[in-house]
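**Student:** Structure provided below as C-alpha cells; questions to follow.
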Amino acid sequence: MFRRIPISAMIGLVLTGAFAFTAIFAPWISPYGMAEIVGDVWEPSSSQFWLGTDNLGRDLLSRMIYGARVTIFIAAAATAFSFTFGSILGFTAAVLGHRADQIMSRSVDLLMSIPTLIFALVVLSVLPANMLTLILVMGVLDSTRVYRLSRAVAVDINVMDYVEAARLRGEGTRWIIFREILPNALSPLVAELGLRFIFAVLFLSSLSFLGLGVQPPEADWGGIVKENKDGIIFGIPAALIPAFAISALAISVNLVADWILNRTSDLKGGRG
Amino acid sequence: MHPILKLVAQRIALGILLLFAASALIFVGTEILPGDVAQSILGQTATPEALANLREDLGLNESAFSRYFNWLGGVLQGDLGNALSNNKNIAEAMGKRLGNTLFLAGWAALFSVPLAVTLGLVAVRYKNRWPDKMISGVTLATISLPEFFIGYLLIYFVSVKLRWFPSVAIINDSMSVLEKLNAIALPIAVLTMVVLAHMMRMTRAAILNVMQSPYIETAELKGLTPFNVIRKHAFPNAIAPIVNVVMINLAYLVVGIVIVEVIFVYPGMGQYLVDHVAKRDVPVVQACALVFAAVYIGLNIVADIVSIISNPRLRHPK
C-alpha cells in the first residue's frame with residue numbers, strides 16, 4: 001500500500017507526523033516551561049534560545065511547542081465534533097427525506113447565510129472564552145459544510161438496491177444509517193476530513209489572533225502571533241515564526257489530503 | 001410579466017426573507033447563554049445594582065421575543081441603538097467606518113478580479129504547460145496561508161526593510177485619493193492574494209468546462225487562434241459561473257477584511273466589530289453582524305441575478 005507514495009505526499013506525511021509528535025510530547029521536548037520567563041524581551045536566536053525570546057522574555061521555541069499542542073488539540077477536537085454531528089444529521093436527512101430533510105437543509109442554509117467568522121464573533125461576545133466553548137462553536141459552525149457533503153453522498157447511496165433490500169427486510173433507520181450508508185460514504189468523507197482540519201486550524205488561529213480564541217497565558221499559534229506582532233515594526237520577526245508554522249501545518253495536511261483524494265477517486269489503483 | 005423579471009423578483013424576495021431570518025439568528029446567537037447576559041458582560045464580581053442597571057439598559061426584563069421585535073423595528077428605521085461601552089449612537093459611529101471598509105474592499109476587488117480572470121484565462125490557454133502548473137502550485141500554497149502571515153510578511157519586508165509603504169493604514173478625510181491608496185497599498189495586496197487563488201482556480205475550471213463543448217472544436221477547426229477561441233466563444237459562455245465565483249469571493253473579501261483591518265490598524269467595520277466583541281458590547285456586535293450579513297447575502301443575490309440574466313435561454317423564452 002505504501003509502495004507508490006508520490007514525493008509530495010511523502011513530505012506531507014513526514015511533516016504532519018512531526019507536528020503530531022511535537023504536540024503529543026510537548027512537555028518532554030520543550031527546553032523551558034510554557035510561561036517561564038527566562039531572558040530579556042525579544043532576544044535574537046542564540047544557542048540558548050533557538051528561536052529567541054518573546055515579548056515577555058519567554059523562550060519562543062518552548063511556547064511554539066506548547067502552542068502546537070493547544071492548536072492541534074482544539075482543531076482536531078472541533079473537526080471530530082463537526083464530523084460526527086454533521087454527518088449523522090446529513091445521513092438522517094437523506095434517509096428520512098421529505099419534511100425532516102427540508103427543515104434541516106433550510107436551517108443549514110440559514111446558518112451558512114451569515115459568514116462563519118462573523119457568527120462566531122457574535123456568539124463569542126456573550127460566551128465565556130474557554131477551550132470547550134471554542135471547540136463547540138467551531139464544531140457546530142463547521143458541521144454545516146459536513147452536513148451538505150454527507151447529505152449529498154447519502155442521497156445517492158440511499159437509492160441503491162442493498163439499502164432497498166435492508167428496508168424490505170425491516171431494518172430501522174438507525175441500522176440503515178450506520179450499517180448501510182456510513183461504510184459506503186466513508187471514503188469521500190475521509191478525504192474531506194483533512195480539508196476541514198486545515199480550516200479549523202486557520203479559523204482557530206484567526207480567532208486567537210483577534211484576541212478572542214485561546215486566552216493567555218495559554219499559548220496557541222495564533223495567540224503567539226498576536227503577542228509578538230508589535231515587534232514587527234522594529235524589525236523583530238518573532239511573530240512570523242508561529243504564522244509560518246500554521247502555514248506549514250496547513251500545507252502538509254493539504255498534501256496528504258490531496259493524495260488520499262486522488263487515491264480514493266481513482267478507480268483503478270485506489271482502495272488498495 | 002417577462003419570466004426573467006419574475007425570476008429576479010422571486011430571488012430578491014427570497015433574499016430579503018433570508019436577511020430577516022439571519023437577523024433573528026444573530027439575535028438568538030447572543031441569547032444562547034444558559035445564564036444571564038448582564039452577568040457575563042460584567043463578570044462575577046459585579047454588584048447587584050450594576051447588574052440591575054445593565055439589565056434595565058439591555059431590556060432584559062422583557063421577554064426575548066419582544067426585545068427582538070423592538071430591536072428589529074429600530075433597525076428598520078435606521079436606529080441601531082446605543083453602544084453599552086460609551087453610550088454613543090451606533091449608526092453614527094458605524095457610518096464612516098462602513099465607508100472606509102467599502103473603500104478598501106472596493107479597491108481590493110478592482111485589483112483582484114481582473115487579475116484573477118486574466119490569470120485564469122492564461123492558465124487555460126497554456127493548460128498543463130508550465131504557466132498553468134506554476135499558477136496551480138502558487139494557488140495551492142496561498143490557500144493554506146492565514147491572512148496574518150501574508151500581512152506581517154509584507155509589513156516585515158516591504159514596509160520595515162524596504163520602506164516602500166507604511167505599515168499601518170491610517171486614512172482621514174484630508175488625504176487625497178493617491179495618499180489614501182498609498183496608505184492602503186499593503187492591505188489591498190493582502191486581500192488580493194487571499195482571494196486571488198480561489199477566484200483563479202474556479203475561473204480556470206469554469207472555462208475548461210466550456211472548452212469541452214462541440215462549438216469550441218468547430219471554432220478551432222475554422223482556424224481561430226487559441227486565444228480568440230477562448231475570448232470569443234468560451235468566455236461569454238463561462239460568464240455565469242465566473243460571476244458566481246467572483247461574487248462568492250467578494251463575499252469572502254468582506255469577511256477577510258475583518259482580520260486585515262486588525263493587522264493594519266485600519267479604521268473600518270472589522271476593527272470596530274472585534275474591539276466590541278472583546279468589550280462584550282452586545283448591541284454593537286449585533287449591529288455589525290447584521291451589516292456584514294446583509295452585504296454577504298446581497299452579494300449572493302447579485303450573483304444569482306447575473307447568472308439568470310446571462311443565460312440566453314431565460315432571456316429569450318420560446
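Chain labels run A, B, ... following the order of the C-alpha cells; each chain numbers its residues from 1, and ligands are numbered from 1 in the order shown.
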Would you list the contacts of B:Asp79 as a JSON list (two decimals) with all heavy atoms, in the first residue's frame, taking every protein, DNA or RNA residue within 10 Å and counting only C-alpha atoms, but skipping same-chain residues closer than 2 positions in sequence?

**Tutor:**
```
[["chain", "number", "residue", "atom", "x", "y", "z"],
["B", 71, "TRP", "N", -35.86, 45.59, 18.68],
["B", 71, "TRP", "CA", -34.57, 45.81, 18.01],
["B", 71, "TRP", "C", -34.77, 45.90, 16.49],
["B", 71, "TRP", "O", -34.31, 46.82, 15.84],
["B", 71, "TRP", "CB", -33.63, 44.65, 18.37],
["B", 71, "TRP", "CG", -32.29, 44.69, 17.68],
["B", 71, "TRP", "CD1", -31.34, 45.66, 17.84],
["B", 71, "TRP", "CD2", -31.76, 43.74, 16.77],
["B", 71, "TRP", "NE1", -30.25, 45.36, 17.07],
["B", 71, "TRP", "CE2", -30.47, 44.20, 16.39],
["B", 71, "TRP", "CE3", -32.23, 42.55, 16.21],
["B", 71, "TRP", "CZ2", -29.67, 43.50, 15.50],
["B", 71, "TRP", "CZ3", -31.42, 41.86, 15.34],
["B", 71, "TRP", "CH2", -30.16, 42.33, 14.98],
["B", 72, "LEU", "N", -35.54, 44.92, 15.97],
["B", 72, "LEU", "CA", -35.77, 44.88, 14.52],
["B", 72, "LEU", "C", -36.50, 46.14, 14.06],
["B", 72, "LEU", "O", -36.15, 46.73, 13.03],
["B", 72, "LEU", "CB", -36.59, 43.64, 14.17],
["B", 72, "LEU", "CG", -36.69, 43.32, 12.68],
["B", 72, "LEU", "CD1", -35.32, 42.96, 12.14],
["B", 72, "LEU", "CD2", -37.65, 42.17, 12.45],
["B", 73, "GLY", "N", -37.49, 46.57, 14.85],
["B", 73, "GLY", "CA", -38.22, 47.80, 14.49],
["B", 73, "GLY", "C", -37.28, 48.99, 14.42],
["B", 73, "GLY", "O", -37.33, 49.79, 13.49],
["B", 74, "GLY", "N", -36.37, 49.08, 15.40],
["B", 74, "GLY", "CA", -35.39, 50.16, 15.39],
["B", 74, "GLY", "C", -34.50, 50.09, 14.18],
["B", 74, "GLY", "O", -34.27, 51.10, 13.48],
["B", 75, "VAL", "N", -34.01, 48.88, 13.86],
["B", 75, "VAL", "CA", -33.09, 48.70, 12.73],
["B", 75, "VAL", "C", -33.78, 49.15, 11.43],
["B", 75, "VAL", "O", -33.19, 49.84, 10.60],
["B", 75, "VAL", "CB", -32.64, 47.23, 12.62],
["B", 75, "VAL", "CG1", -31.91, 46.99, 11.31],
["B", 75, "VAL", "CG2", -31.75, 46.88, 13.79],
["B", 76, "LEU", "N", -35.06, 48.79, 11.28],
["B", 76, "LEU", "CA", -35.76, 49.14, 10.05],
["B", 76, "LEU", "C", -35.90, 50.65, 9.90],
["B", 76, "LEU", "O", -36.02, 51.17, 8.80],
["B", 76, "LEU", "CB", -37.14, 48.47, 10.01],
["B", 76, "LEU", "CG", -37.09, 46.96, 9.82],
["B", 76, "LEU", "CD1", -38.49, 46.38, 9.86],
["B", 76, "LEU", "CD2", -36.41, 46.61, 8.50],
["B", 77, "GLN", "N", -35.89, 51.37, 11.03],
["B", 77, "GLN", "CA", -35.96, 52.83, 10.96],
["B", 77, "GLN", "C", -34.57, 53.47, 11.00],
["B", 77, "GLN", "O", -34.44, 54.68, 11.16],
["B", 77, "GLN", "CB", -36.79, 53.37, 12.13],
["B", 77, "GLN", "CG", -38.24, 52.97, 12.03],
["B", 77, "GLN", "CD", -38.95, 53.17, 13.35],
["B", 77, "GLN", "OE1", -38.53, 53.97, 14.17],
["B", 77, "GLN", "NE2", -40.03, 52.44, 13.55],
["B", 81, "GLY", "N", -29.49, 51.61, 17.90],
["B", 81, "GLY", "CA", -29.34, 51.63, 19.35],
["B", 81, "GLY", "C", -28.03, 52.29, 19.77],
["B", 81, "GLY", "O", -27.29, 52.82, 18.94],
["B", 82, "ASN", "N", -27.74, 52.24, 21.07],
["B", 82, "ASN", "CA", -26.53, 52.85, 21.59],
["B", 82, "ASN", "C", -25.57, 51.79, 22.08],
["B", 82, "ASN", "O", -25.99, 50.73, 22.54],
["B", 82, "ASN", "CB", -26.87, 53.79, 22.75],
["B", 82, "ASN", "CG", -27.62, 55.02, 22.27],
["B", 82, "ASN", "OD1", -27.54, 55.38, 21.10],
["B", 82, "ASN", "ND2", -28.36, 55.63, 23.17],
["B", 89, "ASN", "N", -24.28, 56.68, 19.81],
["B", 89, "ASN", "CA", -25.17, 56.11, 18.80],
["B", 89, "ASN", "C", -24.37, 55.21, 17.85],
["B", 89, "ASN", "O", -23.35, 55.64, 17.31],
["B", 89, "ASN", "CB", -25.84, 57.25, 18.04],
["B", 89, "ASN", "CG", -26.91, 56.73, 17.10],
["B", 89, "ASN", "OD1", -26.59, 56.06, 16.13],
["B", 89, "ASN", "ND2", -28.15, 57.02, 17.40],
["B", 90, "ILE", "N", -24.84, 53.98, 17.67],
["B", 90, "ILE", "CA", -24.07, 53.03, 16.88],
["B", 90, "ILE", "C", -24.07, 53.40, 15.40],
["B", 90, "ILE", "O", -23.05, 53.35, 14.73],
["B", 90, "ILE", "CB", -24.61, 51.59, 17.07],
["B", 90, "ILE", "CG1", -24.46, 51.18, 18.52],
["B", 90, "ILE", "CG2", -23.89, 50.62, 16.17],
["B", 90, "ILE", "CD1", -25.07, 49.84, 18.83],
["B", 91, "ALA", "N", -25.24, 53.81, 14.90],
["B", 91, "ALA", "CA", -25.35, 54.11, 13.47],
["B", 91, "ALA", "C", -24.37, 55.19, 13.07],
["B", 91, "ALA", "O", -23.72, 55.11, 12.02],
["B", 91, "ALA", "CB", -26.78, 54.52, 13.14],
["B", 92, "GLU", "N", -24.22, 56.23, 13.91],
["B", 92, "GLU", "CA", -23.29, 57.32, 13.59],
["B", 92, "GLU", "C", -21.86, 56.82, 13.57],
["B", 92, "GLU", "O", -21.09, 57.11, 12.66],
["B", 92, "GLU", "CB", -23.41, 58.42, 14.65],
["B", 92, "GLU", "CG", -24.43, 59.47, 14.32],
["B", 92, "GLU", "CD", -24.63, 60.41, 15.50],
["B", 92, "GLU", "OE1", -23.64, 60.69, 16.21],
["B", 92, "GLU", "OE2", -25.78, 60.82, 15.72],
["B", 287, "ALA", "N", -25.30, 44.79, 15.66],
["B", 287, "ALA", "CA", -25.46, 45.71, 14.54],
["B", 287, "ALA", "C", -24.43, 45.42, 13.45],
["B", 287, "ALA", "O", -24.76, 45.33, 12.26],
["B", 287, "ALA", "CB", -25.32, 47.15, 15.03]]
```

**Student:** Find the residues in chain B near chain A: any atom within 8 Å counts, using only C-alpha atoms. Write them as a PyMOL selection string.

**Tutor:** chain B and resi 18+21-22+25-26+29-30+33+37+40-41+141+144-146+148-149+152-153+155-156+160-161+167+255+259+262+274+277-282+285-286+289+292-293+296-297

**Student:** Given the choices B:Thr218, B:Thr192, B:Ser307, B:Gln212, which gets closest to B:Ile242 if the distance is worked out from only C-alpha atoms?

**Tutor:**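 Nearest candidate to B:Ile242 out of B:Thr218, B:Thr192, B:Ser307, B:Gln212: B:Ser307.
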
**Student:** Between atom CA of B:Ile305 and atom CA of B:Leu19, what is the distance, to one decimal in Å?

**Tutor:**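 Atom CA of B:Leu19 lies at a distance of 16.7 Å from atom CA of B:Ile305.
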
**Student:** Nearest to B:Arg125 among B:Ile16, B:Met269, B:Leu110, B:Leu208, with distances taken over only C-alpha atoms: which residue is it?

**Tutor:**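 Of all the options, B:Leu208 lies closest to B:Arg125.
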
**Student:** Assign secondary structure with DSSP using the backbone only, and return the residues of stretch 36-266 of chain A in helix (DSSP H, G or I) as a PyMOL selection string.

**Tutor:** chain A and resi 60-96+98-112+116-124+131-158+161-168+173-209+221-234+237-265

**Student:** So which residues touch stretch 174-190 of chain A within 9 Å, counting only C-alpha atoms, skipping near sequence neighbours fewer than 6 positions away, as a list in words?

**Tutor:**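 My list of contacting residues is Phe83, Ser87, Ile88, Phe91, Thr92, Val95, Val146, Leu149, Ser150, Val153, Ala154, Ile157, Asn158, Tyr162, Val163, Ala166, Arg167, Ala257, Ile260, Leu261, Thr264, Ser265 and Arg271 of chain A.
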
**Student:** For the residues selected in the previous step, produce a file with N, CA, C and O atoms as a tab-separated table (two decimals), in the first residue's frame.

**Tutor:**
```tsv
chain	number	residue	atom	x	y	z
A	83	PHE	N	-17.57	16.53	12.40
A	83	PHE	CA	-17.81	15.37	11.54
A	83	PHE	C	-18.89	14.45	12.10
A	83	PHE	O	-19.77	14.02	11.38
A	87	SER	N	-22.23	14.67	9.95
A	87	SER	CA	-22.51	13.52	9.09
A	87	SER	C	-23.74	12.77	9.58
A	87	SER	O	-24.55	12.31	8.77
A	88	ILE	N	-23.93	12.67	10.89
A	88	ILE	CA	-25.12	11.96	11.38
A	88	ILE	C	-26.38	12.72	10.95
A	88	ILE	O	-27.33	12.14	10.43
A	91	PHE	N	-26.82	12.23	7.10
A	91	PHE	CA	-27.34	10.91	6.74
A	91	PHE	C	-28.81	10.81	7.13
A	91	PHE	O	-29.64	10.29	6.37
A	92	THR	N	-29.13	11.31	8.31
A	92	THR	CA	-30.52	11.23	8.77
A	92	THR	C	-31.43	11.99	7.80
A	92	THR	O	-32.51	11.48	7.42
A	95	VAL	N	-31.90	9.92	4.67
A	95	VAL	CA	-32.69	8.71	4.84
A	95	VAL	C	-34.16	9.04	5.10
A	95	VAL	O	-35.06	8.43	4.52
A	146	VAL	N	-20.02	19.87	6.53
A	146	VAL	CA	-20.01	18.41	6.55
A	146	VAL	C	-21.42	17.89	6.26
A	146	VAL	O	-21.60	16.91	5.55
A	149	LEU	N	-22.11	17.93	2.49
A	149	LEU	CA	-21.39	16.87	1.78
A	149	LEU	C	-21.99	15.50	2.08
A	149	LEU	O	-22.32	14.73	1.17
A	150	SER	N	-22.21	15.22	3.38
A	150	SER	CA	-22.66	13.87	3.72
A	150	SER	C	-24.09	13.64	3.24
A	150	SER	O	-24.45	12.53	2.85
A	153	VAL	N	-23.82	12.84	-0.48
A	153	VAL	CA	-23.31	11.48	-0.70
A	153	VAL	C	-24.38	10.46	-0.34
A	153	VAL	O	-24.63	9.49	-1.07
A	154	ALA	N	-25.07	10.69	0.79
A	154	ALA	CA	-26.03	9.70	1.29
A	154	ALA	C	-27.27	9.62	0.40
A	154	ALA	O	-27.86	8.54	0.27
A	157	ILE	N	-26.49	7.11	-2.16
A	157	ILE	CA	-26.42	5.73	-1.64
A	157	ILE	C	-27.81	5.21	-1.27
A	157	ILE	O	-28.11	4.04	-1.43
A	158	ASN	N	-28.64	6.15	-0.81
A	158	ASN	CA	-29.96	5.77	-0.28
A	158	ASN	C	-30.84	5.07	-1.31
A	158	ASN	O	-31.76	4.35	-0.95
A	162	TYR	N	-29.09	-2.38	-2.28
A	162	TYR	CA	-28.87	-3.02	-0.98
A	162	TYR	C	-29.55	-2.27	0.15
A	162	TYR	O	-29.92	-2.85	1.16
A	163	VAL	N	-29.71	-0.93	-0.02
A	163	VAL	CA	-30.44	-0.18	1.01
A	163	VAL	C	-31.92	-0.53	0.94
A	163	VAL	O	-32.58	-0.73	1.97
A	166	ALA	N	-32.40	-3.78	2.59
A	166	ALA	CA	-32.39	-3.65	4.05
A	166	ALA	C	-33.73	-3.14	4.55
A	166	ALA	O	-34.25	-3.61	5.56
A	167	ARG	N	-34.29	-2.18	3.80
A	167	ARG	CA	-35.60	-1.64	4.21
A	167	ARG	C	-36.66	-2.73	4.16
A	167	ARG	O	-37.48	-2.85	5.06
A	257	ALA	N	-4.04	15.19	2.19
A	257	ALA	CA	-5.45	15.09	1.80
A	257	ALA	C	-5.60	14.96	0.29
A	257	ALA	O	-6.42	14.18	-0.21
A	260	ILE	N	-4.83	11.41	-0.70
A	260	ILE	CA	-5.93	10.49	-0.35
A	260	ILE	C	-7.08	10.66	-1.33
A	260	ILE	O	-7.68	9.69	-1.80
A	261	LEU	N	-7.37	11.93	-1.66
A	261	LEU	CA	-8.46	12.23	-2.58
A	261	LEU	C	-8.20	11.56	-3.93
A	261	LEU	O	-9.06	10.93	-4.52
A	264	THR	N	-8.59	7.68	-3.59
A	264	THR	CA	-9.94	7.14	-3.44
A	264	THR	C	-10.79	7.41	-4.67
A	264	THR	O	-11.74	6.69	-4.94
A	265	SER	N	-10.46	8.48	-5.44
A	265	SER	CA	-11.28	8.74	-6.62
A	265	SER	C	-10.75	8.00	-7.84
A	265	SER	O	-11.37	7.99	-8.89
A	271	ARG	N	-8.23	2.30	-3.24
A	271	ARG	CA	-8.73	1.41	-2.19
A	271	ARG	C	-7.69	0.46	-1.65
A	271	ARG	O	-7.80	0.01	-0.53
```

**Student:** Just want the 9 Å neighbourhood of stretch 5-15 of chain B, counted on only C-alpha atoms, with same-chain residues fewer than 3 positions away dropped. Output as a ChimeraX atom specification.

**Tutor:** /B:1-2,18-20,297-298,300-302,304-305,308-309

**Student:** For N, CA, C and O atoms, I'd like the residues from the last selection saved as a tab-separated table (two decimals), in the first residue's frame.

**Tutor:**
```tsv
chain	number	residue	atom	x	y	z
B	1	MET	N	-46.03	39.41	-17.23
B	1	MET	CA	-44.68	39.82	-16.84
B	1	MET	C	-43.65	38.92	-17.51
B	1	MET	O	-43.86	37.72	-17.66
B	2	HIS	N	-42.56	39.53	-17.92
B	2	HIS	CA	-41.48	38.77	-18.53
B	2	HIS	C	-40.96	37.76	-17.50
B	2	HIS	O	-40.76	38.08	-16.33
B	18	LEU	N	-34.46	35.86	3.72
B	18	LEU	CA	-33.28	35.27	4.34
B	18	LEU	C	-32.63	36.25	5.30
B	18	LEU	O	-32.17	35.87	6.38
B	19	LEU	N	-32.62	37.53	4.90
B	19	LEU	CA	-32.00	38.55	5.74
B	19	LEU	C	-32.74	38.68	7.06
B	19	LEU	O	-32.14	38.80	8.12
B	20	PHE	N	-34.08	38.61	7.00
B	20	PHE	CA	-34.87	38.67	8.24
B	20	PHE	C	-34.55	37.46	9.12
B	20	PHE	O	-34.34	37.60	10.33
B	297	ILE	N	-25.28	38.48	2.01
B	297	ILE	CA	-26.48	37.98	1.34
B	297	ILE	C	-26.72	38.78	0.06
B	297	ILE	O	-27.06	38.22	-0.99
B	298	GLY	N	-26.50	40.11	0.13
B	298	GLY	CA	-26.70	40.96	-1.05
B	298	GLY	C	-25.82	40.51	-2.21
B	298	GLY	O	-26.28	40.39	-3.35
B	300	ASN	N	-24.57	37.61	-2.74
B	300	ASN	CA	-25.03	36.32	-3.26
B	300	ASN	C	-26.25	36.49	-4.15
B	300	ASN	O	-26.39	35.79	-5.16
B	301	ILE	N	-27.14	37.44	-3.79
B	301	ILE	CA	-28.30	37.70	-4.64
B	301	ILE	C	-27.84	38.23	-6.00
B	301	ILE	O	-28.32	37.79	-7.05
B	302	VAL	N	-26.88	39.18	-5.97
B	302	VAL	CA	-26.38	39.74	-7.23
B	302	VAL	C	-25.82	38.62	-8.11
B	302	VAL	O	-26.08	38.58	-9.31
B	304	ASP	N	-26.66	35.49	-8.19
B	304	ASP	CA	-27.75	34.71	-8.75
B	304	ASP	C	-28.42	35.45	-9.89
B	304	ASP	O	-28.73	34.87	-10.94
B	305	ILE	N	-28.65	36.77	-9.69
B	305	ILE	CA	-29.35	37.55	-10.71
B	305	ILE	C	-28.51	37.61	-11.99
B	305	ILE	O	-29.04	37.44	-13.09
B	308	ILE	N	-28.79	34.48	-13.84
B	308	ILE	CA	-30.09	34.35	-14.51
B	308	ILE	C	-30.08	35.17	-15.80
B	308	ILE	O	-30.47	34.69	-16.87
B	309	ILE	N	-29.60	36.43	-15.69
B	309	ILE	CA	-29.65	37.32	-16.85
B	309	ILE	C	-28.71	36.85	-17.95
B	309	ILE	O	-29.03	36.96	-19.14
```
